[in-house]
Each structure stands twice: as C-alpha cells, then as structure tokens.
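Containing mmCIF, N, CA and C atoms: work_26.cif.
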```cif
data_run
#
loop_
_atom_site.label_atom_id
_atom_site.label_comp_id
_atom_site.auth_asym_id
_atom_site.auth_seq_id
_atom_site.Cartn_x
_atom_site.Cartn_y
_atom_site.Cartn_z
N MET A 1 -93.00 101.82 102.42
CA MET A 1 -92.71 100.51 102.97
C MET A 1 -94.02 99.83 103.34
N ASP A 2 -94.22 98.65 102.89
CA ASP A 2 -95.47 97.97 103.19
C ASP A 2 -95.38 97.27 104.55
N LEU A 3 -96.50 96.85 105.05
CA LEU A 3 -96.61 96.27 106.38
C LEU A 3 -95.82 94.97 106.52
N ARG A 4 -95.77 94.21 105.47
CA ARG A 4 -95.05 92.92 105.51
C ARG A 4 -93.56 93.14 105.72
N ARG A 5 -92.99 94.12 105.03
CA ARG A 5 -91.56 94.40 105.17
C ARG A 5 -91.24 94.94 106.56
N VAL A 6 -92.14 95.72 107.13
CA VAL A 6 -91.93 96.24 108.48
C VAL A 6 -91.94 95.09 109.48
N LYS A 7 -92.89 94.16 109.30
CA LYS A 7 -92.98 93.00 110.18
C LYS A 7 -91.72 92.15 110.07
N GLU A 8 -91.23 91.94 108.86
CA GLU A 8 -90.00 91.16 108.66
C GLU A 8 -88.80 91.86 109.29
N TYR A 9 -88.76 93.18 109.19
CA TYR A 9 -87.65 93.93 109.77
C TYR A 9 -87.64 93.79 111.29
N PHE A 10 -88.82 93.91 111.93
CA PHE A 10 -88.87 93.76 113.38
C PHE A 10 -88.57 92.33 113.79
N SER A 11 -88.97 91.37 113.00
CA SER A 11 -88.61 89.98 113.28
C SER A 11 -87.10 89.79 113.20
N TRP A 12 -86.47 90.40 112.22
CA TRP A 12 -85.02 90.33 112.08
C TRP A 12 -84.33 91.00 113.25
N LEU A 13 -84.84 92.17 113.70
CA LEU A 13 -84.26 92.84 114.86
C LEU A 13 -84.38 92.00 116.12
N TYR A 14 -85.54 91.37 116.32
CA TYR A 14 -85.73 90.51 117.48
C TYR A 14 -84.81 89.31 117.42
N TYR A 15 -84.63 88.74 116.26
CA TYR A 15 -83.70 87.62 116.09
C TYR A 15 -82.28 88.05 116.43
N GLN A 16 -81.87 89.21 115.96
CA GLN A 16 -80.54 89.72 116.28
C GLN A 16 -80.37 89.92 117.77
N TYR A 17 -81.41 90.45 118.43
CA TYR A 17 -81.37 90.64 119.88
C TYR A 17 -81.19 89.29 120.58
N GLN A 18 -81.92 88.28 120.14
CA GLN A 18 -81.80 86.96 120.77
C GLN A 18 -80.42 86.36 120.57
N ILE A 19 -79.86 86.53 119.40
CA ILE A 19 -78.54 85.98 119.12
C ILE A 19 -77.46 86.72 119.91
N ILE A 20 -77.52 88.03 119.94
CA ILE A 20 -76.49 88.82 120.63
C ILE A 20 -76.55 88.59 122.14
N SER A 21 -77.75 88.52 122.70
CA SER A 21 -77.87 88.36 124.15
C SER A 21 -77.91 86.90 124.58
N CYS A 22 -77.77 85.98 123.66
CA CYS A 22 -77.80 84.53 123.92
C CYS A 22 -79.12 84.07 124.50
N CYS A 23 -80.20 84.78 124.23
CA CYS A 23 -81.52 84.36 124.69
C CYS A 23 -82.02 83.15 123.93
N ALA A 24 -81.46 82.89 122.78
CA ALA A 24 -81.94 81.78 121.96
C ALA A 24 -81.68 80.43 122.62
N VAL A 25 -80.70 80.37 123.53
CA VAL A 25 -80.37 79.10 124.18
C VAL A 25 -81.06 78.96 125.54
N LEU A 26 -81.81 79.95 125.96
CA LEU A 26 -82.50 79.90 127.24
C LEU A 26 -83.86 79.25 127.11
N GLU A 27 -84.34 78.72 128.22
CA GLU A 27 -85.69 78.19 128.25
C GLU A 27 -86.67 79.36 128.29
N PRO A 28 -87.94 79.11 127.96
CA PRO A 28 -88.91 80.22 127.91
C PRO A 28 -89.03 81.00 129.21
N TRP A 29 -89.03 80.33 130.37
CA TRP A 29 -89.14 81.07 131.62
C TRP A 29 -87.87 81.88 131.89
N GLU A 30 -86.72 81.39 131.45
CA GLU A 30 -85.48 82.14 131.61
C GLU A 30 -85.47 83.36 130.68
N GLN A 31 -86.00 83.19 129.48
CA GLN A 31 -86.10 84.32 128.55
C GLN A 31 -86.97 85.41 129.12
N SER A 32 -88.12 85.04 129.67
CA SER A 32 -89.02 86.05 130.23
C SER A 32 -88.40 86.75 131.43
N MET A 33 -87.68 86.00 132.27
CA MET A 33 -87.00 86.59 133.42
C MET A 33 -85.91 87.55 132.95
N PHE A 34 -85.12 87.12 131.98
CA PHE A 34 -84.04 87.97 131.44
C PHE A 34 -84.62 89.24 130.81
N ASN A 35 -85.67 89.08 130.01
CA ASN A 35 -86.28 90.25 129.36
C ASN A 35 -86.90 91.20 130.38
N THR A 36 -87.50 90.66 131.44
CA THR A 36 -88.09 91.50 132.49
C THR A 36 -87.02 92.30 133.20
N ILE A 37 -85.93 91.65 133.56
CA ILE A 37 -84.83 92.35 134.24
C ILE A 37 -84.22 93.40 133.33
N LEU A 38 -84.00 93.05 132.08
CA LEU A 38 -83.43 94.00 131.12
C LEU A 38 -84.34 95.20 130.91
N LEU A 39 -85.63 94.95 130.77
CA LEU A 39 -86.59 96.04 130.59
C LEU A 39 -86.65 96.93 131.82
N THR A 40 -86.57 96.34 133.01
CA THR A 40 -86.57 97.12 134.25
C THR A 40 -85.34 98.01 134.33
N ILE A 41 -84.19 97.47 133.98
CA ILE A 41 -82.96 98.26 134.01
C ILE A 41 -83.03 99.41 133.01
N ILE A 42 -83.51 99.14 131.82
CA ILE A 42 -83.63 100.19 130.80
C ILE A 42 -84.61 101.27 131.26
N ALA A 43 -85.73 100.86 131.86
CA ALA A 43 -86.71 101.83 132.35
C ALA A 43 -86.11 102.69 133.45
N MET A 44 -85.33 102.10 134.34
CA MET A 44 -84.71 102.89 135.42
C MET A 44 -83.69 103.88 134.87
N VAL A 45 -82.92 103.46 133.86
CA VAL A 45 -81.94 104.37 133.26
C VAL A 45 -82.64 105.54 132.57
N VAL A 46 -83.71 105.25 131.83
CA VAL A 46 -84.45 106.31 131.14
C VAL A 46 -85.08 107.27 132.14
N TYR A 47 -85.68 106.74 133.20
CA TYR A 47 -86.29 107.60 134.23
C TYR A 47 -85.24 108.46 134.92
N THR A 48 -84.11 107.86 135.28
CA THR A 48 -83.04 108.61 135.94
C THR A 48 -82.51 109.71 135.03
N ALA A 49 -82.34 109.41 133.76
CA ALA A 49 -81.88 110.43 132.81
C ALA A 49 -82.91 111.54 132.68
N TYR A 50 -84.18 111.18 132.65
CA TYR A 50 -85.25 112.18 132.53
C TYR A 50 -85.29 113.10 133.74
N VAL A 51 -85.03 112.56 134.91
CA VAL A 51 -85.11 113.36 136.14
C VAL A 51 -83.84 114.17 136.35
N PHE A 52 -82.67 113.58 136.19
CA PHE A 52 -81.45 114.23 136.63
C PHE A 52 -80.69 115.01 135.56
N ILE A 53 -80.83 114.67 134.29
CA ILE A 53 -80.08 115.41 133.26
C ILE A 53 -80.48 116.88 133.20
N PRO A 54 -81.76 117.24 133.26
CA PRO A 54 -82.08 118.67 133.26
C PRO A 54 -81.49 119.43 134.45
N ILE A 55 -81.43 118.79 135.60
CA ILE A 55 -80.84 119.43 136.78
C ILE A 55 -79.36 119.69 136.54
N HIS A 56 -78.65 118.70 136.01
CA HIS A 56 -77.23 118.87 135.76
C HIS A 56 -76.97 119.91 134.67
N ILE A 57 -77.80 119.96 133.66
CA ILE A 57 -77.64 120.97 132.62
C ILE A 57 -77.84 122.36 133.20
N ARG A 58 -78.85 122.53 134.06
CA ARG A 58 -79.09 123.83 134.68
C ARG A 58 -77.91 124.24 135.56
N LEU A 59 -77.39 123.32 136.36
CA LEU A 59 -76.25 123.62 137.22
C LEU A 59 -75.00 123.96 136.41
N ALA A 60 -74.78 123.22 135.33
CA ALA A 60 -73.63 123.52 134.47
C ALA A 60 -73.80 124.88 133.81
N TRP A 61 -75.02 125.20 133.38
CA TRP A 61 -75.28 126.51 132.78
C TRP A 61 -75.00 127.63 133.77
N GLU A 62 -75.45 127.47 135.01
CA GLU A 62 -75.19 128.49 136.04
C GLU A 62 -73.70 128.61 136.32
N PHE A 63 -72.99 127.50 136.40
CA PHE A 63 -71.56 127.51 136.67
C PHE A 63 -70.79 128.24 135.57
N PHE A 64 -71.05 127.86 134.32
CA PHE A 64 -70.31 128.47 133.22
C PHE A 64 -70.75 129.90 132.97
N SER A 65 -71.98 130.24 133.27
CA SER A 65 -72.39 131.62 133.09
C SER A 65 -71.72 132.52 134.12
N LYS A 66 -71.45 132.01 135.31
CA LYS A 66 -70.72 132.81 136.30
C LYS A 66 -69.26 132.95 135.92
N ILE A 67 -68.68 131.90 135.34
CA ILE A 67 -67.29 131.96 134.91
C ILE A 67 -67.13 132.95 133.76
N CYS A 68 -68.05 132.93 132.82
CA CYS A 68 -67.95 133.79 131.63
C CYS A 68 -68.41 135.22 131.91
N GLY A 69 -68.97 135.48 133.06
CA GLY A 69 -69.39 136.82 133.40
C GLY A 69 -70.81 137.16 133.02
N TYR A 70 -71.57 136.20 132.54
CA TYR A 70 -72.97 136.45 132.20
C TYR A 70 -73.79 136.34 133.47
N HIS A 71 -74.52 137.41 133.81
CA HIS A 71 -75.35 137.39 135.01
C HIS A 71 -76.80 137.53 134.59
N SER A 72 -77.60 136.64 135.10
CA SER A 72 -79.02 136.67 134.75
C SER A 72 -79.71 137.81 135.48
N THR A 73 -80.72 138.39 134.84
CA THR A 73 -81.48 139.47 135.48
C THR A 73 -82.59 138.92 136.36
N ILE A 74 -82.77 137.61 136.32
CA ILE A 74 -83.80 136.98 137.14
C ILE A 74 -83.22 136.74 138.53
N ALA A 75 -83.91 137.20 139.56
CA ALA A 75 -83.43 137.02 140.92
C ALA A 75 -83.70 135.58 141.36
N ASN A 76 -82.73 135.01 142.08
CA ASN A 76 -82.88 133.63 142.54
C ASN A 76 -83.71 133.56 143.78
#
```
Write out the structure in this file as structure tokens.
Amino acid sequence: MDLRRVKEYFSWLYYQYQIISCCAVLEPWEQSMFNTILLTIIAMVVYTAYVFIPIHIRLAWEFFSKICGYHSTIAN
C-alpha cells in the first residue's frame, strides 16, 4: 500500500467520524471541545481497563480455582 492510499484512507475515516458524530455541523471551537472531551473519556476508559481488568481476572481465577478444587502451591 503506498503512502497516498493510506492518507486517503485516514481522510475517509476522519470524514466518517465527523459525519457519524455530527461534528461537521459544529463550529471549529465546538469541534475541538467535543474532540477533547471524547479523547478524555476514551483515555479514562483505557486507563481504567488497564488498571482494573487484571485485578478482576486474578480474582475470578482464584474464585474458580477454589470451586474446581485446584489449589496453588504458592502461599498467599
């Protein structure tokens, strides 16, 4: 894939994002505010998933290992 096609593809994706989120009808300062808030929310979701999903997986593993009778040899 050449660089021009990649650029066109990202332009198409950005256009789709603007159409779906109705950013195309906003003024420039409203677009930047909307994009900032959206980016902040996405960053918080990613950070929360990064921090808490491993904890929940570990707790679920411990719970189901006790139910199934598997006991770890590592002392807690």
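From atom CA of Ser65 of chain A back to atom CA of Val46 of chain A, the distance works out to 28.1 Å.
Rounded to one decimal, atom C of Thr40 of chain A and atom C of Ile55 of chain A lie 22.6 Å from each other.
Interatomic distance, atom CA of Leu13 of chain A to atom C of Gln31 of chain A: 16.3 Å.
Residues in contact with Cys22 of chain A at 12 Å, where only C-alpha atoms are counted and same-chain residues fewer than 5 positions away are skipped, are listed as A:Tyr14, A:Tyr15, A:Gln16, A:Tyr17, A:Glu27, A:Glu30, A:Gln31, A:Phe34, A:Asn35.
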Mind writing segment 46-62 of chain A to a file for me, with all heavy atoms, as a short mmCIF file (atom, residue, chain, number, x, y, z; two decimals), in the first residue's frame?
```cif
data_model
loop_
_atom_site.label_atom_id
_atom_site.label_comp_id
_atom_site.auth_asym_id
_atom_site.auth_seq_id
_atom_site.Cartn_x
_atom_site.Cartn_y
_atom_site.Cartn_z
N VAL A 46 -9.66 3.54 28.82
CA VAL A 46 -8.49 2.69 28.57
C VAL A 46 -7.66 2.53 29.84
O VAL A 46 -7.23 1.42 30.18
CB VAL A 46 -7.65 3.25 27.41
CG1 VAL A 46 -6.29 2.58 27.31
CG2 VAL A 46 -8.40 3.12 26.10
N TYR A 47 -7.44 3.61 30.56
CA TYR A 47 -6.66 3.55 31.80
C TYR A 47 -7.36 2.67 32.84
O TYR A 47 -6.72 1.84 33.48
CB TYR A 47 -6.44 4.95 32.37
CG TYR A 47 -5.76 4.93 33.71
CD1 TYR A 47 -4.40 4.65 33.81
CD2 TYR A 47 -6.47 5.16 34.88
CE1 TYR A 47 -3.77 4.61 35.05
CE2 TYR A 47 -5.86 5.12 36.11
CZ TYR A 47 -4.50 4.85 36.19
OH TYR A 47 -3.90 4.79 37.41
N THR A 48 -8.67 2.85 32.99
CA THR A 48 -9.42 2.05 33.96
C THR A 48 -9.37 0.58 33.59
O THR A 48 -9.20 -0.28 34.46
CB THR A 48 -10.88 2.54 34.02
OG1 THR A 48 -10.88 3.92 34.37
CG2 THR A 48 -11.67 1.78 35.05
N ALA A 49 -9.50 0.27 32.31
CA ALA A 49 -9.42 -1.13 31.88
C ALA A 49 -8.03 -1.68 32.14
O ALA A 49 -7.88 -2.82 32.60
CB ALA A 49 -9.76 -1.23 30.40
N TYR A 50 -7.01 -0.89 31.90
CA TYR A 50 -5.62 -1.33 32.13
C TYR A 50 -5.36 -1.61 33.60
O TYR A 50 -4.66 -2.56 33.95
CB TYR A 50 -4.65 -0.26 31.61
CG TYR A 50 -3.21 -0.55 31.91
CD1 TYR A 50 -2.52 -1.51 31.18
CD2 TYR A 50 -2.53 0.13 32.91
CE1 TYR A 50 -1.19 -1.79 31.44
CE2 TYR A 50 -1.21 -0.14 33.19
CZ TYR A 50 -0.55 -1.10 32.45
OH TYR A 50 0.77 -1.36 32.72
N VAL A 51 -5.95 -0.82 34.47
CA VAL A 51 -5.70 -0.98 35.91
C VAL A 51 -6.57 -2.08 36.50
O VAL A 51 -6.08 -2.91 37.27
CB VAL A 51 -5.95 0.36 36.64
CG1 VAL A 51 -5.94 0.17 38.14
CG2 VAL A 51 -4.90 1.37 36.24
N PHE A 52 -7.85 -2.13 36.18
CA PHE A 52 -8.77 -2.99 36.91
C PHE A 52 -9.03 -4.35 36.28
O PHE A 52 -9.39 -5.29 36.99
CB PHE A 52 -10.09 -2.27 37.14
CG PHE A 52 -9.97 -1.16 38.13
CD1 PHE A 52 -10.09 0.16 37.72
CD2 PHE A 52 -9.70 -1.41 39.46
CE1 PHE A 52 -9.96 1.19 38.62
CE2 PHE A 52 -9.57 -0.39 40.37
CZ PHE A 52 -9.70 0.91 39.95
N ILE A 53 -8.89 -4.50 34.98
CA ILE A 53 -9.17 -5.81 34.37
C ILE A 53 -8.22 -6.90 34.87
O ILE A 53 -8.68 -8.00 35.20
CB ILE A 53 -9.20 -5.72 32.83
CG1 ILE A 53 -10.49 -5.03 32.41
CG2 ILE A 53 -9.10 -7.08 32.18
CD1 ILE A 53 -10.65 -4.84 30.93
N PRO A 54 -6.92 -6.65 35.00
CA PRO A 54 -6.06 -7.71 35.55
C PRO A 54 -6.44 -8.13 36.98
O PRO A 54 -6.37 -9.31 37.32
CB PRO A 54 -4.66 -7.10 35.52
CG PRO A 54 -4.73 -6.07 34.46
CD PRO A 54 -6.11 -5.53 34.52
N ILE A 55 -6.88 -7.18 37.78
CA ILE A 55 -7.30 -7.50 39.14
C ILE A 55 -8.53 -8.40 39.12
O ILE A 55 -8.59 -9.41 39.83
CB ILE A 55 -7.59 -6.20 39.93
CG1 ILE A 55 -6.31 -5.39 40.10
CG2 ILE A 55 -8.22 -6.51 41.28
CD1 ILE A 55 -6.53 -4.00 40.64
N HIS A 56 -9.50 -8.07 38.27
CA HIS A 56 -10.71 -8.88 38.19
C HIS A 56 -10.42 -10.27 37.62
O HIS A 56 -11.02 -11.26 38.04
CB HIS A 56 -11.78 -8.17 37.36
CG HIS A 56 -12.36 -6.98 38.04
ND1 HIS A 56 -13.03 -7.05 39.23
CD2 HIS A 56 -12.35 -5.67 37.70
CE1 HIS A 56 -13.42 -5.85 39.60
NE2 HIS A 56 -13.01 -4.99 38.67
N ILE A 57 -9.52 -10.36 36.67
CA ILE A 57 -9.15 -11.66 36.12
C ILE A 57 -8.50 -12.52 37.20
O ILE A 57 -8.80 -13.71 37.34
CB ILE A 57 -8.23 -11.50 34.90
CG1 ILE A 57 -9.02 -10.93 33.73
CG2 ILE A 57 -7.59 -12.83 34.51
CD1 ILE A 57 -8.20 -10.58 32.52
N ARG A 58 -7.60 -11.92 37.99
CA ARG A 58 -6.94 -12.67 39.07
C ARG A 58 -7.96 -13.14 40.10
O ARG A 58 -7.93 -14.30 40.54
CB ARG A 58 -5.88 -11.81 39.75
CG ARG A 58 -5.11 -12.56 40.83
CD ARG A 58 -4.09 -11.68 41.54
NE ARG A 58 -4.67 -10.48 42.11
CZ ARG A 58 -5.29 -10.42 43.29
NH1 ARG A 58 -5.42 -11.51 44.03
NH2 ARG A 58 -5.76 -9.28 43.75
N LEU A 59 -8.89 -12.27 40.50
CA LEU A 59 -9.91 -12.66 41.47
C LEU A 59 -10.82 -13.75 40.93
O LEU A 59 -11.20 -14.69 41.65
CB LEU A 59 -10.72 -11.44 41.90
CG LEU A 59 -9.97 -10.41 42.74
CD1 LEU A 59 -10.84 -9.19 42.97
CD2 LEU A 59 -9.52 -11.01 44.06
N ALA A 60 -11.20 -13.64 39.66
CA ALA A 60 -12.03 -14.69 39.05
C ALA A 60 -11.27 -16.00 38.98
O ALA A 60 -11.84 -17.07 39.23
CB ALA A 60 -12.48 -14.25 37.65
N TRP A 61 -9.97 -15.95 38.64
CA TRP A 61 -9.16 -17.16 38.60
C TRP A 61 -9.09 -17.82 39.97
O TRP A 61 -9.24 -19.03 40.09
CB TRP A 61 -7.76 -16.83 38.10
CG TRP A 61 -6.84 -18.01 38.09
CD1 TRP A 61 -5.93 -18.35 39.04
CD2 TRP A 61 -6.82 -19.04 37.11
NE1 TRP A 61 -5.31 -19.51 38.70
CE2 TRP A 61 -5.83 -19.97 37.52
CE3 TRP A 61 -7.50 -19.27 35.94
CZ2 TRP A 61 -5.54 -21.10 36.79
CZ3 TRP A 61 -7.20 -20.41 35.21
CH2 TRP A 61 -6.24 -21.29 35.63
N GLU A 62 -8.89 -17.03 41.02
CA GLU A 62 -8.84 -17.58 42.38
C GLU A 62 -10.19 -18.18 42.77
O GLU A 62 -10.25 -19.26 43.35
CB GLU A 62 -8.45 -16.50 43.38
CG GLU A 62 -7.01 -16.07 43.28
CD GLU A 62 -6.68 -14.94 44.24
OE1 GLU A 62 -7.54 -14.59 45.09
OE2 GLU A 62 -5.55 -14.42 44.15
#
```
